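Source file: data20.csv. Holds: CSV, C-alpha atoms.
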chain,number,residue,atom,x,y,z
A,1,MET,CA,64.4,126.4,95.2
A,2,ALA,CA,66.4,124.5,97.8
A,3,ILE,CA,70.1,123.5,97.4
A,4,GLY,CA,71.6,121.0,99.8
A,5,ILE,CA,75.3,121.5,100.7
A,6,PHE,CA,77.2,118.4,101.8
A,7,GLY,CA,80.8,117.2,102.2
A,8,LEU,CA,83.3,115.4,104.4
A,9,PRO,CA,84.3,117.0,107.8
A,10,ARG,CA,86.7,119.9,107.7
A,11,THR,CA,86.1,120.8,104.1
A,12,GLY,CA,85.0,124.3,104.8
A,13,LYS,CA,81.5,123.7,103.5
A,14,THR,CA,79.9,125.8,106.2
A,15,SER,CA,82.2,128.7,105.3
A,16,ILE,CA,80.8,128.4,101.8
A,17,PHE,CA,77.3,128.3,103.2
A,18,ASN,CA,78.0,131.5,105.1
A,19,ALA,CA,79.4,133.1,101.9
A,20,VAL,CA,76.4,132.4,99.8
A,21,THR,CA,73.8,133.3,102.5
A,22,ARG,CA,75.8,136.1,104.3
A,23,GLY,CA,75.2,133.9,107.3
A,24,HIS,CA,77.2,133.5,110.6
A,25,ALA,CA,76.9,129.8,111.2
A,26,ASP,CA,79.6,128.3,113.4
A,27,THR,CA,82.4,126.9,111.2
A,28,ALA,CA,84.4,125.3,114.1
A,29,THR,CA,82.2,122.8,115.7
A,30,PHE,CA,79.5,122.0,113.1
A,31,ARG,CA,79.3,118.2,113.3
A,32,ALA,CA,76.5,115.7,113.1
A,33,SER,CA,76.3,114.8,116.7
A,34,GLY,CA,73.5,116.9,118.1
A,35,SER,CA,73.6,119.2,115.2
A,36,GLN,CA,70.9,120.4,112.9
A,37,PRO,CA,71.3,121.6,109.3
A,38,ASN,CA,72.1,125.3,108.9
A,39,ILE,CA,69.4,126.9,106.7
A,40,GLY,CA,69.8,130.2,105.0
A,41,ILE,CA,68.1,132.2,102.2
A,42,ALA,CA,69.7,134.2,99.5
A,43,LYS,CA,68.0,136.5,97.0
A,44,VAL,CA,68.9,136.0,93.4
A,45,PRO,CA,70.1,139.3,91.8
A,46,ASP,CA,68.2,140.0,88.5
A,47,GLY,CA,68.7,143.3,86.7
A,48,ARG,CA,65.5,142.6,84.7
A,49,LEU,CA,63.3,143.2,87.8
A,50,ALA,CA,64.0,146.9,88.0
A,51,LYS,CA,63.2,147.3,84.3
A,52,LEU,CA,60.0,145.3,84.6
A,53,ALA,CA,59.0,147.3,87.7
A,54,GLU,CA,59.3,150.6,85.6
A,55,ILE,CA,56.8,149.2,83.1
A,56,SER,CA,54.3,147.5,85.4
A,57,LYS,CA,54.6,149.8,88.5
A,58,PRO,CA,54.0,147.0,91.1
A,59,LYS,CA,53.3,147.7,94.7
A,60,ARG,CA,56.4,145.8,95.7
A,61,ILE,CA,59.2,143.9,94.0
A,62,VAL,CA,60.0,140.4,95.2
A,63,ALA,CA,63.2,138.8,94.0
A,64,ALA,CA,63.5,135.1,93.5
A,65,GLU,CA,65.1,133.3,96.5
A,66,VAL,CA,67.2,130.2,96.9
A,67,GLU,CA,67.2,128.2,100.2
A,68,TYR,CA,70.6,126.7,101.1
A,69,ILE,CA,70.7,123.8,103.5
A,70,ASP,CA,74.1,123.0,105.0
A,71,VAL,CA,74.0,119.3,106.2
A,72,PRO,CA,76.4,118.3,109.0
A,73,ALA,CA,79.2,115.9,108.2
A,74,VAL,CA,79.1,112.6,110.1
A,75,GLY,CA,82.5,111.4,111.1
A,76,ASP,CA,86.1,111.0,110.1
A,77,GLY,CA,87.0,109.0,107.0
A,78,LEU,CA,85.7,108.6,103.5
A,79,ALA,CA,82.1,107.2,103.0
A,80,LYS,CA,81.1,109.1,106.1
A,81,GLY,CA,80.2,112.4,104.6
A,82,ILE,CA,76.5,112.2,104.9
A,83,GLY,CA,74.6,111.0,108.0
A,84,GLY,CA,71.6,108.7,107.3
A,85,GLU,CA,69.4,111.0,109.3
A,86,PHE,CA,70.2,113.8,106.9
A,87,LEU,CA,69.7,112.0,103.6
A,88,ASN,CA,66.0,112.9,103.6
A,89,VAL,CA,66.9,116.5,104.0
A,90,LEU,CA,69.0,116.3,100.8
A,91,GLN,CA,66.2,114.4,99.1
A,92,ARG,CA,63.8,117.3,99.3
A,93,CYS,CA,66.3,119.6,97.6
A,94,GLU,CA,66.1,120.4,93.9
A,95,ALA,CA,69.9,120.4,93.5
A,96,LEU,CA,73.0,119.5,95.5
A,97,LEU,CA,76.3,121.3,96.1
A,98,MET,CA,79.2,119.1,97.0
A,99,VAL,CA,82.2,120.7,98.7
A,100,SER,CA,85.6,118.9,98.3
A,101,ARG,CA,88.6,120.1,100.1
A,102,SER,CA,91.5,121.4,98.1
A,103,PHE,CA,93.3,123.6,100.7
A,104,GLU,CA,96.2,122.8,103.0
A,105,ASN,CA,96.0,123.7,106.6
A,106,PRO,CA,98.2,121.9,109.1
A,107,ALA,CA,96.0,123.1,112.0
A,108,VAL,CA,92.9,121.4,110.4
A,109,ALA,CA,93.9,117.8,109.4
A,110,HIS,CA,92.1,116.1,106.6
A,111,VAL,CA,90.1,113.1,107.6
A,112,GLU,CA,92.3,110.9,105.4
A,113,ASN,CA,95.5,112.9,106.2
A,114,ALA,CA,96.1,113.7,102.6
A,115,ILE,CA,94.4,116.3,100.3
A,116,ASP,CA,92.9,114.8,97.2
A,117,PRO,CA,89.7,116.6,96.1
A,118,TYR,CA,89.0,114.2,93.2
A,119,ARG,CA,89.2,111.2,95.5
A,120,ASP,CA,86.8,112.8,98.0
A,121,ALA,CA,84.4,113.9,95.2
A,122,ALA,CA,84.3,110.3,93.9
A,123,SER,CA,83.7,108.9,97.4
A,124,LEU,CA,80.8,111.4,98.0
A,125,GLU,CA,79.2,110.5,94.7
A,126,MET,CA,79.4,106.8,95.7
A,127,GLU,CA,77.5,107.7,98.9
A,128,LEU,CA,74.7,109.2,96.9
A,129,MET,CA,74.5,106.1,94.8
A,130,PHE,CA,74.5,103.8,97.8
A,131,SER,CA,71.6,105.8,99.2
A,132,ASP,CA,69.7,105.4,95.9
A,133,MET,CA,70.4,101.6,95.8
A,134,ALA,CA,69.0,101.2,99.3
A,135,ILE,CA,65.8,103.1,98.3
A,136,LEU,CA,65.4,101.0,95.1
A,137,GLU,CA,66.1,97.7,96.9
A,138,ARG,CA,63.3,98.5,99.4
A,139,ARG,CA,60.9,99.4,96.6
A,140,ALA,CA,61.8,96.1,94.7
A,141,GLU,CA,61.0,94.1,97.9
A,142,ARG,CA,57.6,95.9,98.3
A,143,ILE,CA,56.8,95.3,94.6
A,144,GLY,CA,57.6,91.6,95.1
A,145,THR,CA,55.2,91.5,98.0
A,146,GLN,CA,52.5,93.3,96.1
A,147,LEU,CA,52.8,91.0,93.1
A,148,ARG,CA,51.9,87.9,95.2
A,149,SER,CA,48.4,89.3,95.9
A,150,ALA,CA,48.0,91.6,92.9
A,151,LYS,CA,45.0,91.4,90.5
A,152,VAL,CA,45.7,90.6,86.9
A,153,VAL,CA,45.1,94.2,85.8
A,154,GLU,CA,47.6,95.4,88.4
A,155,ARG,CA,50.4,93.0,87.6
A,156,ASP,CA,51.5,94.6,84.3
A,157,GLY,CA,52.2,98.0,85.9
A,158,LEU,CA,54.0,96.4,88.9
A,159,ASN,CA,56.2,94.3,86.5
A,160,LYS,CA,57.0,97.4,84.4
A,161,GLU,CA,58.0,99.3,87.6
A,162,LEU,CA,60.1,96.4,88.8
A,163,ALA,CA,61.9,96.2,85.5
A,164,LEU,CA,62.7,99.9,85.7
A,165,VAL,CA,63.9,99.7,89.3
A,166,SER,CA,66.1,96.8,88.4
A,167,LYS,CA,67.6,98.6,85.4
A,168,ILE,CA,68.4,101.7,87.5
A,169,ARG,CA,69.9,99.5,90.3
A,170,GLU,CA,72.1,97.6,87.8
A,171,ALA,CA,73.5,100.9,86.4
A,172,LEU,CA,74.1,102.2,89.9
A,173,GLU,CA,76.0,99.0,90.8
A,174,ALA,CA,78.2,99.8,87.7
A,175,GLU,CA,78.8,103.2,89.3
A,176,ILE,CA,76.7,105.1,86.9
A,177,PRO,CA,74.7,107.9,88.7
A,178,VAL,CA,71.0,108.2,87.8
A,179,ARG,CA,71.6,111.6,86.2
A,180,GLU,CA,73.9,109.8,83.6
A,181,GLN,CA,71.5,106.9,82.8
A,182,SER,CA,69.5,106.7,79.7
A,183,LEU,CA,66.0,106.2,81.0
A,184,PRO,CA,62.6,106.3,79.2
A,185,ALA,CA,60.4,109.4,79.5
A,186,ASP,CA,57.8,107.5,81.6
A,187,ALA,CA,60.5,107.0,84.3
A,188,ARG,CA,60.2,110.6,85.4
A,189,PRO,CA,57.3,110.2,87.8
A,190,LEU,CA,59.1,107.3,89.5
A,191,LEU,CA,62.3,109.4,89.9
A,192,GLU,CA,60.4,112.4,91.2
A,193,ASN,CA,58.6,110.1,93.7
A,194,PHE,CA,61.8,108.5,95.0
A,195,GLN,CA,63.9,111.7,94.9
A,196,LEU,CA,67.0,109.7,94.1
A,197,LEU,CA,70.1,111.8,95.1
A,198,SER,CA,72.4,110.8,92.2
A,199,GLY,CA,69.7,112.0,89.8
A,200,LYS,CA,69.7,115.5,91.1
A,201,PRO,CA,71.7,118.3,89.4
A,202,LEU,CA,75.1,118.6,91.1
A,203,MET,CA,77.6,121.4,91.6
A,204,ILE,CA,81.0,120.2,92.7
A,205,VAL,CA,83.0,123.0,94.5
A,206,PHE,CA,86.7,122.7,95.2
A,207,ASN,CA,87.5,124.8,98.3
A,208,VAL,CA,91.0,126.1,97.5
A,209,ASP,CA,93.7,127.9,99.3
A,210,GLU,CA,93.6,131.7,99.3
A,211,ASP,CA,96.8,131.8,97.4
A,212,ALA,CA,95.2,129.7,94.6
A,213,VAL,CA,92.4,132.2,94.0
A,214,GLY,CA,94.3,133.6,91.0
A,215,ARG,CA,94.4,130.2,89.4
A,216,THR,CA,90.7,129.3,89.8
A,217,SER,CA,90.1,129.4,86.0
A,218,GLU,CA,92.9,126.9,85.5
A,219,ILE,CA,91.6,124.7,88.3
A,220,GLU,CA,88.0,124.8,87.0
A,221,ALA,CA,89.2,123.9,83.5
A,222,GLU,CA,90.9,120.8,84.9
A,223,MET,CA,87.8,120.0,87.0
A,224,ALA,CA,85.6,120.3,83.9
A,225,ALA,CA,87.8,117.9,82.0
A,226,LYS,CA,87.6,115.3,84.7
A,227,LEU,CA,84.2,115.9,86.4
A,228,VAL,CA,81.7,117.6,84.1
A,229,LYS,CA,79.0,115.2,82.9
A,230,PRO,CA,75.2,115.6,82.3
A,231,ASN,CA,73.8,117.9,85.0
A,232,VAL,CA,77.1,118.3,86.7
A,233,ALA,CA,78.8,121.7,87.0
A,234,VAL,CA,82.1,122.7,88.8
A,235,ALA,CA,83.6,125.7,90.5
A,236,ALA,CA,86.7,126.5,92.5
A,237,LEU,CA,86.8,129.2,95.2
A,238,SER,CA,88.2,130.0,98.6
A,239,GLY,CA,85.3,129.5,101.0
A,240,LYS,CA,87.1,131.3,103.9
A,241,LEU,CA,88.0,134.3,101.7
A,242,GLU,CA,84.5,134.5,100.2
A,243,MET,CA,82.9,134.3,103.6
A,244,GLU,CA,85.1,137.1,105.0
A,245,LEU,CA,84.4,139.3,102.0
A,246,ASP,CA,80.6,138.8,102.2
A,247,GLN,CA,80.6,139.6,105.9
A,248,MET,CA,82.5,142.9,105.5
A,249,GLU,CA,80.5,146.1,106.0
A,250,PRO,CA,79.8,147.9,102.7
A,251,VAL,CA,82.0,150.9,102.2

Written as C-alpha coordinates, how would this file's structure read?
Amino acid sequence: MAIGIFGLPRTGKTSIFNAVTRGHADTATFRASGSQPNIGIAKVPDGRLAKLAEISKPKRIVAAEVEYIDVPAVGDGLAKGIGGEFLNVLQRCEALLMVSRSFENPAVAHVENAIDPYRDAASLEMELMFSDMAILERRAERIGTQLRSAKVVERDGLNKELALVSKIREALEAEIPVREQSLPADARPLLENFQLLSGKPLMIVFNVDEDAVGRTSEIEAEMAAKLVKPNVAVAALSGKLEMELDQMEPV
(Lines of atoms letter the chains of each structure in order from A and count residues from 1; the text may use other names and numbers.)
(Lines give C-alpha, C1' and ligand atoms only; values in the text may rest on other atoms or scores of the structure.)
Protein backbone atom coordinates (compact mmCIF):
# COMPACT_ATOMS: atom_id res chain seq x y z
CA MET A 1 0.00 0.00 0.00
CA ALA A 2 1.27 3.49 -0.87
CA ILE A 3 0.25 6.67 0.97
CA GLY A 4 1.05 10.06 -0.55
CA ILE A 5 1.92 12.91 1.84
CA PHE A 6 1.28 16.45 0.60
CA GLY A 7 0.79 19.96 1.92
CA LEU A 8 1.75 23.60 1.61
CA PRO A 9 5.37 24.69 2.13
CA ARG A 10 6.62 24.91 5.72
CA THR A 11 3.89 22.75 7.18
CA GLY A 12 6.28 20.20 8.69
CA LYS A 13 5.06 17.38 6.44
CA THR A 14 8.57 16.02 5.93
CA SER A 15 8.98 15.83 9.72
CA ILE A 16 5.85 13.69 9.78
CA PHE A 17 7.25 11.59 6.92
CA ASN A 18 10.41 11.04 8.97
CA ALA A 19 8.33 10.15 12.03
CA VAL A 20 6.26 7.45 10.31
CA THR A 21 9.20 5.97 8.38
CA ARG A 22 12.01 6.58 10.93
CA GLY A 23 13.71 8.39 8.09
CA HIS A 24 16.20 11.27 7.99
CA ALA A 25 14.97 13.29 5.01
CA ASP A 26 16.07 16.93 4.98
CA THR A 27 13.32 19.04 6.53
CA ALA A 28 14.92 22.44 5.86
CA THR A 29 15.26 22.69 2.09
CA PHE A 30 12.75 20.21 0.68
CA ARG A 31 11.10 22.22 -2.10
CA ALA A 32 9.84 21.28 -5.54
CA SER A 33 12.62 22.97 -7.51
CA GLY A 34 14.99 20.14 -8.37
CA SER A 35 13.53 17.93 -5.65
CA GLN A 36 12.26 14.40 -5.92
CA PRO A 37 9.71 12.84 -3.57
CA ASN A 38 11.02 11.29 -0.38
CA ILE A 39 10.11 7.61 -0.27
CA GLY A 40 10.15 5.44 2.84
CA ILE A 41 8.81 2.09 3.99
CA ALA A 42 7.25 1.34 7.36
CA LYS A 43 6.34 -2.11 8.64
CA VAL A 44 2.87 -2.49 10.11
CA PRO A 45 2.97 -3.87 13.67
CA ASP A 46 0.59 -6.80 14.07
CA GLY A 47 0.57 -8.89 17.22
CA ARG A 48 -1.31 -11.65 15.41
CA LEU A 49 1.77 -12.53 13.34
CA ALA A 50 3.66 -14.05 16.25
CA LYS A 51 0.67 -16.16 17.26
CA LEU A 52 0.15 -17.38 13.69
CA ALA A 53 3.88 -18.17 13.44
CA GLU A 54 3.64 -20.37 16.55
CA ILE A 55 0.95 -22.40 14.82
CA SER A 56 2.25 -22.60 11.25
CA LYS A 57 6.03 -22.54 11.96
CA PRO A 58 6.96 -20.57 8.80
CA LYS A 59 10.57 -20.24 7.63
CA ARG A 60 10.30 -16.47 8.00
CA ILE A 61 7.77 -13.88 9.10
CA VAL A 62 7.04 -11.01 6.74
CA ALA A 63 5.09 -8.07 8.17
CA ALA A 64 2.83 -5.96 5.98
CA GLU A 65 4.49 -2.77 4.73
CA VAL A 66 3.27 0.70 3.88
CA GLU A 67 5.13 2.90 1.41
CA TYR A 68 5.04 6.63 2.25
CA ILE A 69 5.73 9.16 -0.51
CA ASP A 70 6.45 12.72 0.61
CA VAL A 71 5.70 15.03 -2.33
CA PRO A 72 7.58 18.37 -2.49
CA ALA A 73 5.50 21.51 -2.04
CA VAL A 74 5.64 23.91 -4.96
CA GLY A 75 5.75 27.55 -3.94
CA ASP A 76 4.42 30.15 -1.59
CA GLY A 77 0.72 30.84 -1.32
CA LEU A 78 -2.49 28.85 -1.27
CA ALA A 79 -3.40 26.70 -4.28
CA LYS A 80 0.31 25.97 -4.75
CA GLY A 81 0.68 22.97 -2.50
CA ILE A 82 1.04 20.34 -5.22
CA GLY A 83 3.19 20.62 -8.31
CA GLY A 84 1.69 19.37 -11.55
CA GLU A 85 4.69 17.12 -12.08
CA PHE A 86 3.89 15.34 -8.79
CA LEU A 87 0.16 14.82 -9.29
CA ASN A 88 0.82 11.53 -11.09
CA VAL A 89 2.82 10.39 -8.05
CA LEU A 90 -0.20 10.95 -5.82
CA GLN A 91 -2.47 9.28 -8.38
CA ARG A 92 -0.67 5.96 -7.97
CA CYS A 93 -1.18 6.03 -4.20
CA GLU A 94 -4.03 4.12 -2.58
CA ALA A 95 -4.60 6.85 0.04
CA LEU A 96 -3.51 10.42 0.75
CA LEU A 97 -2.23 12.15 3.87
CA MET A 98 -2.73 15.92 3.92
CA VAL A 99 -0.64 17.93 6.39
CA SER A 100 -2.06 21.27 7.52
CA ARG A 101 0.02 23.60 9.69
CA SER A 102 -1.35 24.40 13.14
CA PHE A 103 1.88 25.43 14.89
CA GLU A 104 3.36 28.88 15.47
CA ASN A 105 7.02 29.52 14.71
CA PRO A 106 8.18 33.11 14.08
CA ALA A 107 11.37 31.75 12.48
CA VAL A 108 9.35 29.81 9.87
CA ALA A 109 6.73 32.10 8.37
CA HIS A 110 3.50 30.67 7.04
CA VAL A 111 3.03 31.17 3.30
CA GLU A 112 -0.08 33.29 4.02
CA ASN A 113 1.45 34.98 7.10
CA ALA A 114 -1.40 33.64 9.24
CA ILE A 115 -2.01 30.20 10.75
CA ASP A 116 -5.39 28.73 9.76
CA PRO A 117 -5.29 24.94 9.32
CA TYR A 118 -8.93 24.74 8.24
CA ARG A 119 -8.40 27.31 5.47
CA ASP A 120 -5.31 25.45 4.26
CA ALA A 121 -7.09 22.07 4.32
CA ALA A 122 -9.94 23.49 2.24
CA SER A 123 -7.48 24.99 -0.25
CA LEU A 124 -5.62 21.71 -0.65
CA GLU A 125 -8.87 19.79 -1.12
CA MET A 126 -9.78 22.24 -3.89
CA GLU A 127 -6.44 21.49 -5.57
CA LEU A 128 -7.32 17.81 -5.64
CA MET A 129 -10.68 18.61 -7.20
CA PHE A 130 -9.15 20.97 -9.80
CA SER A 131 -6.80 18.15 -10.82
CA ASP A 132 -9.75 15.77 -11.18
CA MET A 133 -11.73 18.29 -13.24
CA ALA A 134 -8.81 18.67 -15.65
CA ILE A 135 -8.59 14.88 -16.09
CA LEU A 136 -12.32 14.58 -16.73
CA GLU A 137 -12.34 17.51 -19.13
CA ARG A 138 -9.65 15.87 -21.25
CA ARG A 139 -11.57 12.60 -21.21
CA ALA A 140 -14.80 14.35 -22.27
CA GLU A 141 -12.97 15.91 -25.20
CA ARG A 142 -11.60 12.53 -26.28
CA ILE A 143 -15.07 10.95 -26.04
CA GLY A 144 -16.46 13.75 -28.23
CA THR A 145 -13.80 13.00 -30.83
CA GLN A 146 -14.48 9.26 -30.66
CA LEU A 147 -18.22 9.75 -31.05
CA ARG A 148 -17.78 11.47 -34.40
CA SER A 149 -16.33 8.29 -35.92
CA ALA A 150 -17.82 5.64 -33.62
CA LYS A 151 -19.85 2.74 -34.91
CA VAL A 152 -23.46 2.40 -33.78
CA VAL A 153 -22.60 -0.42 -31.35
CA GLU A 154 -19.91 1.75 -29.73
CA ARG A 155 -21.97 4.91 -29.30
CA ASP A 156 -24.09 3.68 -26.39
CA GLY A 157 -21.06 2.91 -24.21
CA LEU A 158 -19.37 6.20 -25.08
CA ASN A 159 -22.52 8.19 -24.34
CA LYS A 160 -22.93 6.46 -20.97
CA GLU A 161 -19.34 7.26 -20.07
CA LEU A 162 -19.75 10.87 -21.20
CA ALA A 163 -22.87 11.23 -19.03
CA LEU A 164 -20.98 9.85 -16.02
CA VAL A 165 -17.96 12.09 -16.64
CA SER A 166 -20.29 15.10 -16.90
CA LYS A 167 -22.09 14.16 -13.67
CA ILE A 168 -18.83 13.87 -11.73
CA ARG A 169 -17.52 17.15 -13.17
CA GLU A 170 -20.71 19.01 -12.25
CA ALA A 171 -20.43 17.80 -8.65
CA LEU A 172 -16.76 18.78 -8.52
CA GLU A 173 -17.65 22.25 -9.78
CA ALA A 174 -20.08 22.41 -6.83
CA GLU A 175 -17.08 21.60 -4.58
CA ILE A 176 -18.16 18.02 -3.83
CA PRO A 177 -15.15 15.65 -3.84
CA VAL A 178 -15.54 12.36 -5.70
CA ARG A 179 -15.39 10.41 -2.42
CA GLU A 180 -18.61 12.17 -1.30
CA GLN A 181 -20.53 11.73 -4.54
CA SER A 182 -23.30 9.15 -4.94
CA LEU A 183 -22.19 7.24 -8.01
CA PRO A 184 -23.49 3.99 -9.55
CA ALA A 185 -21.62 0.77 -8.94
CA ASP A 186 -20.57 0.55 -12.59
CA ALA A 187 -18.62 3.81 -12.16
CA ARG A 188 -15.91 2.02 -10.16
CA PRO A 189 -13.85 0.80 -13.18
CA LEU A 190 -13.81 4.34 -14.57
CA LEU A 191 -12.69 5.82 -11.25
CA GLU A 192 -9.97 3.20 -10.87
CA ASN A 193 -8.75 3.94 -14.38
CA PHE A 194 -8.56 7.71 -13.83
CA GLN A 195 -7.25 7.51 -10.23
CA LEU A 196 -9.10 10.71 -9.30
CA LEU A 197 -7.40 12.31 -6.30
CA SER A 198 -10.53 13.56 -4.54
CA GLY A 199 -11.89 10.02 -4.67
CA LYS A 200 -9.08 8.52 -2.60
CA PRO A 201 -9.34 7.91 1.16
CA LEU A 202 -7.89 10.96 2.95
CA MET A 203 -6.24 11.50 6.32
CA ILE A 204 -6.02 15.17 7.39
CA VAL A 205 -3.26 15.78 9.93
CA PHE A 206 -2.95 19.02 11.86
CA ASN A 207 0.71 19.57 12.78
CA VAL A 208 0.40 21.23 16.18
CA ASP A 209 2.76 22.99 18.60
CA GLU A 210 4.58 20.80 21.08
CA ASP A 211 2.76 22.52 23.96
CA ALA A 212 -0.57 21.48 22.38
CA VAL A 213 0.23 17.77 22.50
CA GLY A 214 -1.77 17.38 25.70
CA ARG A 215 -4.85 18.74 23.90
CA THR A 216 -4.73 16.56 20.78
CA SER A 217 -7.93 14.70 21.74
CA GLU A 218 -9.77 18.00 22.04
CA ILE A 219 -8.32 19.25 18.74
CA GLU A 220 -9.22 16.00 16.98
CA ALA A 221 -12.80 16.20 18.27
CA GLU A 222 -13.11 19.69 16.76
CA MET A 223 -11.50 18.49 13.53
CA ALA A 224 -13.89 15.55 13.35
CA ALA A 225 -16.91 17.82 13.75
CA LYS A 226 -15.75 20.04 10.89
CA LEU A 227 -13.83 17.75 8.55
CA VAL A 228 -14.85 14.10 8.88
CA LYS A 229 -16.90 12.96 5.89
CA PRO A 230 -17.02 9.68 3.92
CA ASN A 231 -13.50 8.20 3.68
CA VAL A 232 -11.95 11.13 5.57
CA ALA A 233 -10.15 10.69 8.90
CA VAL A 234 -8.33 13.23 11.08
CA ALA A 235 -5.42 13.35 13.51
CA ALA A 236 -3.48 15.98 15.43
CA LEU A 237 0.17 15.56 16.39
CA SER A 238 3.45 17.40 16.69
CA GLY A 239 5.52 16.28 13.71
CA LYS A 240 8.76 17.67 15.14
CA LEU A 241 8.27 15.92 18.48
CA GLU A 242 7.21 12.63 16.87
CA MET A 243 10.24 12.73 14.54
CA GLU A 244 12.63 13.35 17.43
CA LEU A 245 11.11 10.54 19.49
CA ASP A 246 11.29 8.04 16.62
CA GLN A 247 14.91 8.91 15.90
CA MET A 248 16.04 8.40 19.50
CA GLU A 249 18.12 5.35 20.25
CA PRO A 250 16.16 2.69 22.17
CA VAL A 251 17.05 2.52 25.86

TODO: Pick out the residues sitting within 7 Å of Thr21 (chain A), and hand them over as a list in words; count only C-alpha atoms, and ignore anything fewer than 2 positions along from it in its own chain.
DONE: Phe17, Asn18, Ala19, Gly23, Gly40, Ile41 and Ala42 of chain A

Open item on the list: As an exercise, work out the distance from CA of Asp26 (chain A) to CA of Thr14 (chain A) in Å and give it to one decimal place.
Closed with: 7.6 Å

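Distance annotation: of A:Ile115, A:Val62, A:Met133, A:Ala2, the residue with the minimal separation from Gln91 (chain A) is A:Ala2; atom set is all atoms listed in the file.
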
Task: One-decimal distance in Å that lies between CA of Gly199 (chain A) and CA of Glu175 (chain A) - done: 12.7 Å

Task: Between CA of Pro184 (chain A) and CA of Arg142 (chain A) - distance in Å to one decimal - done: 22.3 Å

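Residues in contact with Gly144 (chain A) at up to 10 Å, not including ones fewer than 4 positions away on its chain and judged by only C-alpha atoms, are A:Arg138, A:Arg139, A:Ala140, A:Arg148, A:Ser149, A:Ala150, A:Leu158, A:Asn159, A:Leu162.
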
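If you measure from each of A:Ile143, A:Ile219, A:Ala212, A:Leu128 to Leu90 (chain A) using only C-alpha atoms, the closest one turns out to be A:Leu128.
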
Please enclose the listed atoms of region 208-223 of chain A in an axis-aligned box, pad each side by 4 Å, and write out the centre and the three edge lengths in Å, rounded to one decimal, as AutoDock Vina command-line options.
--center_x 92.3 --center_y 126.8 --center_z 91.4 --size_x 17.0 --size_y 21.6 --size_z 23.8

Open item on the list: Need to verify the contact set: region 220-227 of chain A, 12 Å, all atoms listed in the file, exclusion of same-chain residues closer than 3 positions in sequence. Can you return it as number ranges by chain?
Closed with: A: 100, 102, 117-119, 121-122, 125, 202-208, 212-217, 230-237

Open item on the list: With all atoms listed in the file as the counted atoms, please give the residues lying no more than 9 Å from Phe86 (chain A), apart from itself and same-chain residues fewer than 6 positions off, as a ChimeraX atom specification.
Closed with: /A:36-37,71-72

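Among the candidates A:Glu170, A:Asp70, A:Glu104, A:Asp132, the one nearest to Leu196 (chain A) when counting only C-alpha atoms is A:Asp132.
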
Task: Closest of A:Glu137, A:Asp186, A:Glu192, A:Asp116 to Arg169 (chain A) - atom-to-atom distances counting only C-alpha atoms - done: A:Glu137

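Comparing the minimum interatomic distances between Leu87 (chain A) and each of A:Leu52, A:Ile168, A:Val99, A:Ala134, counting all atoms listed in the file, we find that A:Ala134 sits nearest.
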
Task: Residue list as a PyMOL selection string for point (71.4, 114.9, 96.6), cut-off 9 Å, all atoms listed in the file - done: chain A and resi 3-6+87+89-98+128+195-202
